[in-house]
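*Asks:* File query-v6.csv below, CSV, C-alpha atoms:
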chain,number,residue,atom,x,y,z
A,1,MET,CA,65.2,125.5,102.0
A,2,THR,CA,64.6,127.6,105.1
A,3,ARG,CA,63.4,124.5,107.0
A,4,TRP,CA,66.6,122.6,106.1
A,5,GLU,CA,68.8,125.6,107.1
A,6,LYS,CA,66.9,125.8,110.4
A,7,GLU,CA,67.4,122.1,111.1
A,8,ALA,CA,71.0,122.4,110.2
A,9,ALA,CA,71.6,125.5,112.4
A,10,SER,CA,73.1,123.3,115.1
A,11,LEU,CA,75.6,122.0,112.6
A,12,LYS,CA,77.2,125.4,111.9
A,13,GLY,CA,80.9,125.4,112.6
A,14,MET,CA,81.0,121.6,113.3
A,15,PRO,CA,84.5,120.3,112.5
A,16,VAL,CA,84.4,117.4,110.1
A,17,VAL,CA,86.9,115.2,108.2
A,18,PHE,CA,86.2,114.6,104.5
A,19,HIS,CA,87.0,111.3,102.9
A,20,HIS,CA,88.1,113.6,100.1
A,21,ARG,CA,87.0,117.0,99.1
A,22,ASN,CA,83.7,116.0,97.4
A,23,TRP,CA,81.6,117.5,100.2
A,24,ILE,CA,83.0,121.0,99.8
A,25,TYR,CA,79.7,122.5,98.5
A,26,LEU,CA,77.7,120.9,101.3
A,27,ALA,CA,80.2,122.1,103.9
A,28,HIS,CA,80.0,125.6,102.4
A,29,TRP,CA,76.2,125.7,102.5
A,30,LEU,CA,75.8,124.4,106.1
A,31,GLY,CA,78.9,126.1,107.5
A,32,LEU,CA,80.8,122.9,108.4
A,33,LYS,CA,84.4,123.3,109.2
A,34,GLU,CA,87.0,121.2,107.4
A,35,ALA,CA,89.2,119.5,110.0
A,36,GLY,CA,91.1,117.3,107.6
A,37,VAL,CA,91.0,115.1,104.5
A,38,LEU,CA,91.5,111.4,104.7
A,39,GLU,CA,92.4,110.9,101.0
A,40,PRO,CA,94.2,114.1,99.8
A,41,LYS,CA,94.5,112.5,96.3
A,42,PRO,CA,91.1,110.9,95.5
A,43,GLY,CA,91.4,107.2,94.9
A,44,LEU,CA,94.9,106.9,96.2
A,45,PRO,CA,95.2,105.3,99.7
A,46,PRO,CA,96.8,107.8,102.1
A,47,SER,CA,100.4,107.3,103.3
A,48,ALA,CA,101.4,106.6,106.9
A,49,ALA,CA,102.9,110.1,107.2
A,50,HIS,CA,99.6,111.7,106.1
A,51,LEU,CA,97.6,109.6,108.6
A,52,ALA,CA,99.9,110.4,111.4
A,53,GLN,CA,99.7,114.1,110.7
A,54,LEU,CA,95.9,113.9,110.5
A,55,LEU,CA,95.8,112.1,113.9
A,56,GLU,CA,98.0,114.8,115.4
A,57,ASN,CA,95.7,117.6,114.1
A,58,LEU,CA,92.6,115.8,115.3
A,59,LYS,CA,94.1,115.4,118.8
A,60,ALA,CA,94.6,119.2,119.0
A,61,ARG,CA,91.2,120.0,117.4
A,62,PRO,CA,88.9,117.1,117.5
A,63,ALA,CA,86.3,116.6,114.7
A,64,ARG,CA,82.8,115.4,115.2
A,65,ALA,CA,82.2,113.4,112.1
A,66,ILE,CA,84.1,111.7,109.2
A,67,LEU,CA,82.0,112.1,106.0
A,68,ARG,CA,82.2,109.6,103.1
A,69,ALA,CA,80.0,108.5,100.2
A,70,PRO,CA,78.8,104.9,100.2
A,71,TYR,CA,81.1,103.9,97.4
A,72,GLU,CA,84.2,105.0,99.3
A,73,ASP,CA,86.3,102.5,101.2
A,74,ALA,CA,84.8,102.0,104.6
A,75,ARG,CA,88.0,100.8,106.2
A,76,ALA,CA,89.7,104.2,106.1
A,77,SER,CA,86.8,106.0,107.9
A,78,LEU,CA,86.3,103.3,110.5
A,79,TRP,CA,90.0,103.2,111.1
A,80,LEU,CA,90.1,107.0,111.8
A,81,ALA,CA,86.8,106.8,113.8
A,82,GLU,CA,88.3,104.2,116.1
A,83,ARG,CA,91.3,106.4,116.8
A,84,SER,CA,89.9,109.9,116.9
A,85,GLY,CA,86.5,109.5,118.5
A,86,ALA,CA,84.8,111.2,115.6
A,87,ARG,CA,81.7,109.4,114.1
A,88,ALA,CA,82.0,107.8,110.7
A,89,VAL,CA,79.0,109.1,108.6
A,90,ILE,CA,77.8,107.8,105.2
A,91,LEU,CA,76.0,110.5,103.2
A,92,PRO,CA,74.0,110.0,100.0
A,93,TYR,CA,76.1,111.6,97.3
A,94,THR,CA,73.2,112.0,94.8
A,95,VAL,CA,69.6,111.2,94.3
A,96,GLY,CA,69.1,107.4,94.3
A,97,ALA,CA,71.8,106.6,96.8
A,98,GLU,CA,71.2,105.5,100.4
A,99,GLY,CA,67.4,105.6,100.0
A,100,ALA,CA,67.3,109.2,98.8
A,101,ASP,CA,64.5,108.8,96.3
A,102,ASP,CA,64.3,112.4,95.3
A,103,LEU,CA,66.1,115.7,95.9
A,104,PHE,CA,64.1,116.5,99.0
A,105,ARG,CA,64.8,113.2,100.6
A,106,LEU,CA,68.5,113.7,99.7
A,107,PHE,CA,68.7,116.8,101.8
A,108,ASP,CA,66.5,115.3,104.6
A,109,ILE,CA,68.7,112.3,104.9
A,110,THR,CA,71.9,114.3,104.7
A,111,ILE,CA,70.9,116.7,107.5
A,112,ALA,CA,69.4,113.9,109.7
A,113,ARG,CA,72.6,111.9,109.5
A,114,LEU,CA,74.8,114.9,110.3
A,115,ARG,CA,72.6,115.8,113.3
A,116,GLU,CA,72.8,112.2,114.5
A,117,ALA,CA,76.6,112.6,114.6
A,118,VAL,CA,76.4,115.7,116.8
A,119,SER,CA,73.9,114.2,119.3
B,1,MET,CA,112.2,110.4,116.6
B,2,ILE,CA,108.8,109.1,115.7
B,3,SER,CA,105.7,110.6,117.4
B,4,ALA,CA,103.0,108.9,119.3
B,5,ALA,CA,100.6,109.4,116.4
B,6,GLU,CA,103.1,107.9,113.9
B,7,LEU,CA,103.5,104.9,116.3
B,8,MET,CA,99.8,104.5,116.4
B,9,VAL,CA,99.7,104.3,112.6
B,10,LEU,CA,102.6,101.9,112.3
B,11,ALA,CA,102.4,99.6,115.3
B,12,PRO,CA,99.5,97.4,114.2
B,13,ALA,CA,101.1,97.0,110.8
B,14,PHE,CA,104.4,95.9,112.4
B,15,VAL,CA,102.7,93.4,114.7
B,16,ALA,CA,100.9,92.0,111.7
B,17,GLY,CA,104.2,91.7,109.9
B,18,LEU,CA,105.8,89.8,112.8
B,19,LEU,CA,102.8,87.4,112.9
B,20,VAL,CA,103.1,86.8,109.1
B,21,LEU,CA,106.8,86.1,109.4
B,22,ALA,CA,106.4,83.7,112.4
B,23,THR,CA,104.5,81.2,110.2
B,24,HIS,CA,105.8,82.1,106.7
B,25,VAL,CA,109.5,81.7,107.3
B,26,PRO,CA,109.4,78.0,108.4
B,27,LEU,CA,106.8,77.2,105.7
B,28,GLY,CA,108.9,79.0,103.2
B,29,GLN,CA,111.9,76.8,103.9
B,30,GLU,CA,109.7,73.8,103.2
B,31,VAL,CA,108.4,75.3,100.0
B,32,LEU,CA,112.0,75.9,98.9
B,33,ARG,CA,112.9,72.3,99.8
B,34,ARG,CA,110.1,70.9,97.8
B,35,GLY,CA,110.9,73.2,94.9
B,36,ILE,CA,107.3,74.6,94.5
B,37,VAL,CA,108.0,78.3,94.9
B,38,PHE,CA,104.9,79.5,93.0
B,39,ILE,CA,102.5,77.5,95.2
B,40,ASP,CA,102.2,80.6,97.3
B,41,LEU,CA,101.0,82.8,94.5
B,42,ALA,CA,98.5,80.1,93.5
B,43,ILE,CA,97.1,79.5,97.0
B,44,ALA,CA,97.0,83.2,97.8
B,45,GLN,CA,95.2,83.9,94.5
B,46,ILE,CA,92.6,81.1,95.2
B,47,ALA,CA,92.0,82.6,98.7
B,48,VAL,CA,91.5,86.0,97.0
B,49,LEU,CA,89.1,84.3,94.6
B,50,GLY,CA,87.2,83.0,97.6
B,51,VAL,CA,87.0,86.4,99.2
B,52,ILE,CA,85.7,88.1,96.0
B,53,ALA,CA,83.2,85.3,95.3
B,54,ALA,CA,81.9,85.6,98.9
B,55,GLU,CA,81.6,89.4,98.5
B,56,GLY,CA,79.8,88.8,95.2
B,57,LEU,CA,77.3,86.6,97.1
B,58,GLY,CA,76.6,89.5,99.4
B,59,PHE,CA,78.6,88.5,102.5
B,60,GLU,CA,80.4,91.1,104.6
B,61,PRO,CA,84.0,91.6,103.3
B,62,HIS,CA,85.7,90.8,106.6
B,63,GLY,CA,82.9,88.7,108.1
B,64,PHE,CA,83.2,85.1,109.3
B,65,SER,CA,81.3,83.6,106.3
B,66,THR,CA,83.8,85.2,103.9
B,67,GLN,CA,86.7,83.8,105.9
B,68,LEU,CA,85.1,80.4,105.8
B,69,ILE,CA,84.6,80.5,102.1
B,70,ALA,CA,88.1,81.8,101.4
B,71,ALA,CA,89.6,79.1,103.7
B,72,CYS,CA,87.5,76.3,102.0
B,73,ALA,CA,88.6,77.6,98.5
B,74,ALA,CA,92.3,77.6,99.6
B,75,LEU,CA,91.9,74.1,101.2
B,76,ALA,CA,90.3,72.8,98.0
B,77,GLY,CA,93.2,74.2,96.0
B,78,ALA,CA,95.7,72.6,98.5
B,79,GLY,CA,93.9,69.3,98.3
B,80,TRP,CA,94.1,69.3,94.5
B,81,LEU,CA,97.8,70.1,94.6
B,82,SER,CA,98.6,67.4,97.1
B,83,LEU,CA,96.9,64.9,94.7
B,84,THR,CA,98.7,66.2,91.7
B,85,GLU,CA,102.0,65.9,93.6
B,86,ARG,CA,101.3,62.2,93.9
B,87,TRP,CA,100.0,61.8,90.3
B,88,PHE,CA,102.5,63.8,88.3
B,89,ALA,CA,105.3,64.7,90.7
B,90,GLU,CA,107.6,65.9,87.9
B,91,ARG,CA,105.0,68.3,86.6
B,92,GLN,CA,104.0,69.8,89.9
B,93,GLU,CA,105.4,73.3,89.2
B,94,ALA,CA,103.5,73.5,85.9
B,95,MET,CA,100.3,72.4,87.7
B,96,ILE,CA,100.8,75.2,90.2
B,97,GLY,CA,101.3,77.8,87.5
B,98,VAL,CA,98.2,76.8,85.7
B,99,LEU,CA,96.2,76.9,88.9
B,100,PHE,CA,97.5,80.4,89.6
B,101,VAL,CA,96.5,81.8,86.1
B,102,LEU,CA,93.1,80.1,86.4
B,103,ALA,CA,92.3,81.6,89.8
B,104,ALA,CA,93.6,85.1,88.7
B,105,SER,CA,91.4,84.9,85.6
B,106,LEU,CA,88.3,83.9,87.5
B,107,VAL,CA,88.9,86.9,89.8
B,108,LEU,CA,89.1,89.2,86.8
B,109,LEU,CA,85.8,87.7,85.5
B,110,LEU,CA,84.1,88.1,88.8
B,111,LEU,CA,85.3,91.7,89.1
B,112,SER,CA,84.5,92.6,85.5
B,113,GLY,CA,81.0,93.8,86.5
B,114,ASN,CA,82.3,95.9,89.4
B,115,PRO,CA,83.2,99.5,88.6
B,116,HIS,CA,85.7,99.5,91.5
B,117,GLY,CA,87.1,96.1,90.4
B,118,ALA,CA,90.5,97.3,89.3
B,119,GLU,CA,91.0,99.3,92.6
B,120,HIS,CA,89.8,96.3,94.6
B,121,PHE,CA,92.1,93.9,92.8
B,122,LYS,CA,95.1,96.2,93.4
B,123,GLU,CA,94.2,96.4,97.0
B,124,LEU,CA,94.4,92.6,97.4
B,125,LEU,CA,97.7,92.5,95.6
B,126,GLU,CA,99.3,95.4,97.5
B,127,GLY,CA,97.5,94.9,100.8
B,128,GLN,CA,96.2,97.6,103.0
B,129,ILE,CA,98.7,97.0,105.8
B,130,LEU,CA,98.0,100.4,107.5
B,131,TRP,CA,94.3,99.8,108.0
B,132,ILE,CA,94.8,96.7,110.2
B,133,GLU,CA,92.6,96.9,113.4
B,134,PRO,CA,94.4,95.4,116.4
B,135,SER,CA,91.2,93.5,117.1
B,136,ALA,CA,91.5,91.8,113.7
B,137,LEU,CA,94.8,90.3,114.7
B,138,VAL,CA,93.4,88.2,117.6
B,139,PRO,CA,92.0,85.4,115.4
B,140,VAL,CA,95.2,85.4,113.4
B,141,VAL,CA,97.3,85.0,116.6
B,142,LEU,CA,95.2,82.0,117.6
B,143,LEU,CA,95.3,80.4,114.1
B,144,TYR,CA,99.0,80.9,113.7
B,145,ALA,CA,99.7,79.5,117.2
B,146,ALA,CA,97.9,76.4,116.2
B,147,VAL,CA,99.7,76.2,112.8
B,148,LEU,CA,103.1,76.6,114.5
B,149,ARG,CA,102.3,74.0,117.1
B,150,LEU,CA,101.2,71.5,114.5
B,151,TRP,CA,104.2,72.3,112.3
B,152,PHE,CA,106.9,71.9,114.9
B,153,HIS,CA,105.4,69.3,117.1
B,154,GLY,CA,102.7,67.6,115.1
B,155,PRO,CA,102.6,64.7,112.7
B,156,VAL,CA,101.7,66.8,109.7
B,157,ARG,CA,105.2,67.7,108.6
B,158,ARG,CA,105.9,64.6,106.5
B,159,GLY,CA,102.5,64.1,104.9
B,160,ALA,CA,101.8,66.0,101.7
B,161,PHE,CA,98.2,67.0,102.5
B,162,GLY,CA,99.1,68.1,106.0
B,163,PHE,CA,101.7,70.6,104.7
B,164,TYR,CA,99.4,71.9,101.9
B,165,ALA,CA,96.4,72.3,104.3
B,166,LEU,CA,98.4,74.2,106.9
B,167,PHE,CA,99.9,76.3,104.1
B,168,ALA,CA,96.4,77.1,102.7
B,169,LEU,CA,95.0,78.2,106.1
B,170,THR,CA,98.1,80.3,106.9
B,171,VAL,CA,98.0,82.1,103.5
B,172,THR,CA,94.3,82.7,103.6
B,173,ALA,CA,94.7,84.7,106.7
B,174,SER,CA,97.9,86.6,105.7
B,175,VAL,CA,96.9,87.6,102.2
B,176,GLN,CA,94.0,89.6,103.6
B,177,LEU,CA,96.2,91.3,106.1
B,178,VAL,CA,99.2,92.2,104.0
B,179,GLY,CA,98.4,91.4,100.4
B,180,VAL,CA,99.8,88.9,97.8
B,181,TYR,CA,103.1,90.5,97.3
B,182,LEU,CA,104.2,90.8,100.9
B,183,VAL,CA,103.0,87.2,101.5
B,184,PHE,CA,105.2,85.9,98.7
B,185,ALA,CA,108.2,88.0,99.9
B,186,SER,CA,107.8,87.0,103.5
B,187,LEU,CA,107.7,83.3,102.5
B,188,ILE,CA,110.5,83.1,100.0
B,189,VAL,CA,113.1,85.9,100.6
B,190,PRO,CA,114.1,85.1,104.2
B,191,ALA,CA,114.2,81.3,103.5
B,192,LEU,CA,116.2,81.9,100.4
B,193,ALA,CA,118.6,84.4,102.0
B,194,VAL,CA,119.7,81.9,104.8
B,195,SER,CA,119.8,78.8,102.6
B,196,ARG,CA,123.6,78.7,102.4
B,197,LEU,CA,124.1,79.0,106.2
B,198,PRO,CA,124.5,76.0,108.6
B,199,ALA,CA,121.1,74.6,109.4
B,200,PRO,CA,120.8,75.5,113.1
B,201,ARG,CA,121.4,79.2,112.3
B,202,ARG,CA,118.9,79.5,109.4
B,203,LEU,CA,115.6,79.9,111.1
B,204,PRO,CA,116.6,82.5,113.8
B,205,LEU,CA,118.4,84.6,111.2
B,206,ALA,CA,115.6,84.4,108.6
B,207,TRP,CA,113.1,85.7,111.3
B,208,THR,CA,115.5,88.5,112.2
B,209,ILE,CA,116.0,89.8,108.7
B,210,GLY,CA,112.3,89.6,108.1
B,211,ALA,CA,111.6,91.7,111.2
B,212,VAL,CA,114.3,94.2,110.3
B,213,ALA,CA,112.8,94.6,106.8
B,214,TYR,CA,109.2,95.1,108.2
B,215,GLY,CA,110.3,97.6,110.8
B,216,GLY,CA,112.7,99.4,108.5
B,217,GLY,CA,110.3,99.4,105.6
B,218,LEU,CA,107.5,100.9,107.7
B,219,LEU,CA,109.8,103.7,109.0
B,220,LEU,CA,111.2,104.3,105.5
B,221,SER,CA,107.7,104.5,104.0
B,222,LEU,CA,106.8,107.1,106.7
B,223,ALA,CA,109.9,109.2,106.1
B,224,ALA,CA,109.7,109.0,102.3
B,225,ASP,CA,105.8,109.3,102.1
B,226,LEU,CA,105.5,106.1,100.1
B,227,PRO,CA,103.1,103.2,100.3
B,228,ALA,CA,104.2,100.7,102.9
B,229,ALA,CA,103.9,97.3,101.4
B,230,PRO,CA,106.1,97.8,98.3
B,231,VAL,CA,108.8,99.5,100.4
B,232,ILE,CA,108.9,96.5,102.7
B,233,VAL,CA,109.2,94.1,99.8
B,234,CYS,CA,112.1,96.1,98.3
B,235,LEU,CA,114.0,96.3,101.6
B,236,LEU,CA,113.5,92.6,102.3
B,237,ALA,CA,114.8,91.7,98.8
B,238,LEU,CA,117.8,94.0,99.3
B,239,ILE,CA,118.7,92.6,102.8
B,240,GLY,CA,118.2,89.1,101.5
B,241,ALA,CA,120.5,89.6,98.5
B,242,VAL,CA,123.3,91.1,100.7
B,243,LEU,CA,123.1,88.2,103.1
B,244,LEU,CA,123.1,85.6,100.3
B,245,LEU,CA,126.2,87.3,98.7
B,246,LEU,CA,128.0,87.5,102.0
B,247,THR,CA,127.7,83.8,102.8
B,248,PRO,CA,130.1,81.5,100.9
B,249,ALA,CA,128.7,78.8,98.7
B,250,ARG,CA,129.0,75.5,100.5
B,251,ARG,CA,130.3,72.4,98.8
B,252,ALA,CA,127.7,69.8,98.7
What does the file become when written as structure tokens?
*Replies:*
Amino acid sequence: MTRWEKEAASLKGMPVVFHHRNWIYLAHWLGLKEAGVLEPKPGLPPSAAHLAQLLENLKARPARAILRAPYEDARASLWLAERSGARAVILPYTVGAEGADDLFRLFDITIARLREAVS
Amino acid sequence: MISAAELMVLAPAFVAGLLVLATHVPLGQEVLRRGIVFIDLAIAQIAVLGVIAAEGLGFEPHGFSTQLIAACAALAGAGWLSLTERWFAERQEAMIGVLFVLAASLVLLLLSGNPHGAEHFKELLEGQILWIEPSALVPVVLLYAAVLRLWFHGPVRRGAFGFYALFALTVTASVQLVGVYLVFASLIVPALAVSRLPAPRRLPLAWTIGAVAYGGGLLLSLAADLPAAPVIVCLLALIGAVLLLLTPARRA
């Protein structure tokens, strides 16, 4: 636990965009700052007005990463990454996803991918 | 006034709409002339079937192999329809209807094992016009330039298979850009709306009302915070209906 928190120290305060608010506990633990949400209503594609607002906000306060689970539509993240300069990051959402074989690997992979986005 | 960010969101969708209209309006006039309106739904559905089958086989959703499989599926459907047009001309519309239901059912079967199937299916019907990457439009521009050249200056216009083949390739590309509903509306509504006008004025006016509907529909969806594709379809239908009502019936 301490090792992870030490590894993740550099992530503190990092502004990120969530695909939707399923990463809120992770963000809370690591001190990530929410810079916006791609899908305010989970499962419903965002409207043009919401996307434009999100782009405006990110221009004023750029985010470093856009977080999504592997089952979420990649097109939205990649679209935003292309236009905002933030990195699209896929995180394992639970044990068994994205090669996270156990709970320890889940946190290892999550933190490693977040650090990659900062570097 | 619309902001730079809003323009960034809407511009690629508008360009995609103009591209779709460029090819679909003249092809739609031919579809009306032949009286095979539902061919579009059938071919678009077969192209969708190709895309889903390719994804099921593990190919990249927007990769080259997927496009190739979708185009081959649509061409096979087009080939079959150009044969049935010769064999049972008077039953062509029924043939097209059956092909549509068959392709749609096969899509449902392929997606039945996929937990996100319903969402995915809706996406292909409604389209995801806002996610269009400008780079994805380049191959479509090349394809459509070739289609328009063959259509207006080539020998394909008269031959049945030539028409069905061009139609299949055009729809395969457009259905993945804007979805089944917008493809159908772009094909049929402008062509229908101008059908009572004198021939030389039809094509330019059909293109114009299409462009107005895409532009207006995108702005309206922005202002009203509604999904873009259905708003464009409704606006196109409205403009088309007004135009058709304003033009007097011609005596044949």
*Asks:* Please, which residues of chain B lie no more than 6 Å from chain A when the count uses only C-alpha atoms, and can they be set out as a ChimeraX atom specification?
*Replies:* /B:5-6,222,225,227
*Asks:* Selection from above, C-alpha atoms, as an mmCIF file, in the frame of the given file, can you write it?
*Replies:*
data_model
loop_
_atom_site.group_PDB
_atom_site.id
_atom_site.type_symbol
_atom_site.label_atom_id
_atom_site.label_comp_id
_atom_site.auth_asym_id
_atom_site.auth_seq_id
_atom_site.Cartn_x
_atom_site.Cartn_y
_atom_site.Cartn_z
ATOM 1 C CA ALA B 5 100.600 109.400 116.400
ATOM 2 C CA GLU B 6 103.100 107.900 113.900
ATOM 3 C CA LEU B 222 106.800 107.100 106.700
ATOM 4 C CA ASP B 225 105.800 109.300 102.100
ATOM 5 C CA PRO B 227 103.100 103.200 100.300
#
*Asks:* Return the single residue from A:Val118, A:Ala81, A:Ala69, A:Ala35 that is closest to A:Trp23, with distances computed using all atoms listed in the file.
*Replies:*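 Using all atoms listed in the file, the shortest distance to A:Trp23 belongs to A:Ala69.
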*Asks:* Skipping near chain neighbours, those fewer than 4 positions away, what residues fall within 7 Å of B:Gln176 using only C-alpha atoms, listed as a list in words?
*Replies:* Leu124, Gly127 and Thr172 of chain B
*Asks:* Have a look at atom CA of B:Glu119 and atom CA of B:Val180 and let me know their distance in Å, one decimal.
*Replies:*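 Atom-to-atom, atom CA of B:Glu119 to atom CA of B:Val180, that is 14.6 Å.
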*Asks:* Just how far from atom CA of A:Glu98 is atom CA of A:Ala27, in Å to one decimal?
*Replies:* 19.2 Å
*Asks:* For B:Val194, which of B:Gly179, B:Gly58, B:Pro26, B:Gly117 is the closest residue, counting all atoms listed in the file?
*Replies:* B:Pro26
*Asks:* With all atoms listed in the file as the atoms that count, which of A:Met1, A:Ala65, A:Leu58, A:Ile109 lies nearest to A:Leu32?
*Replies:* A:Ala65
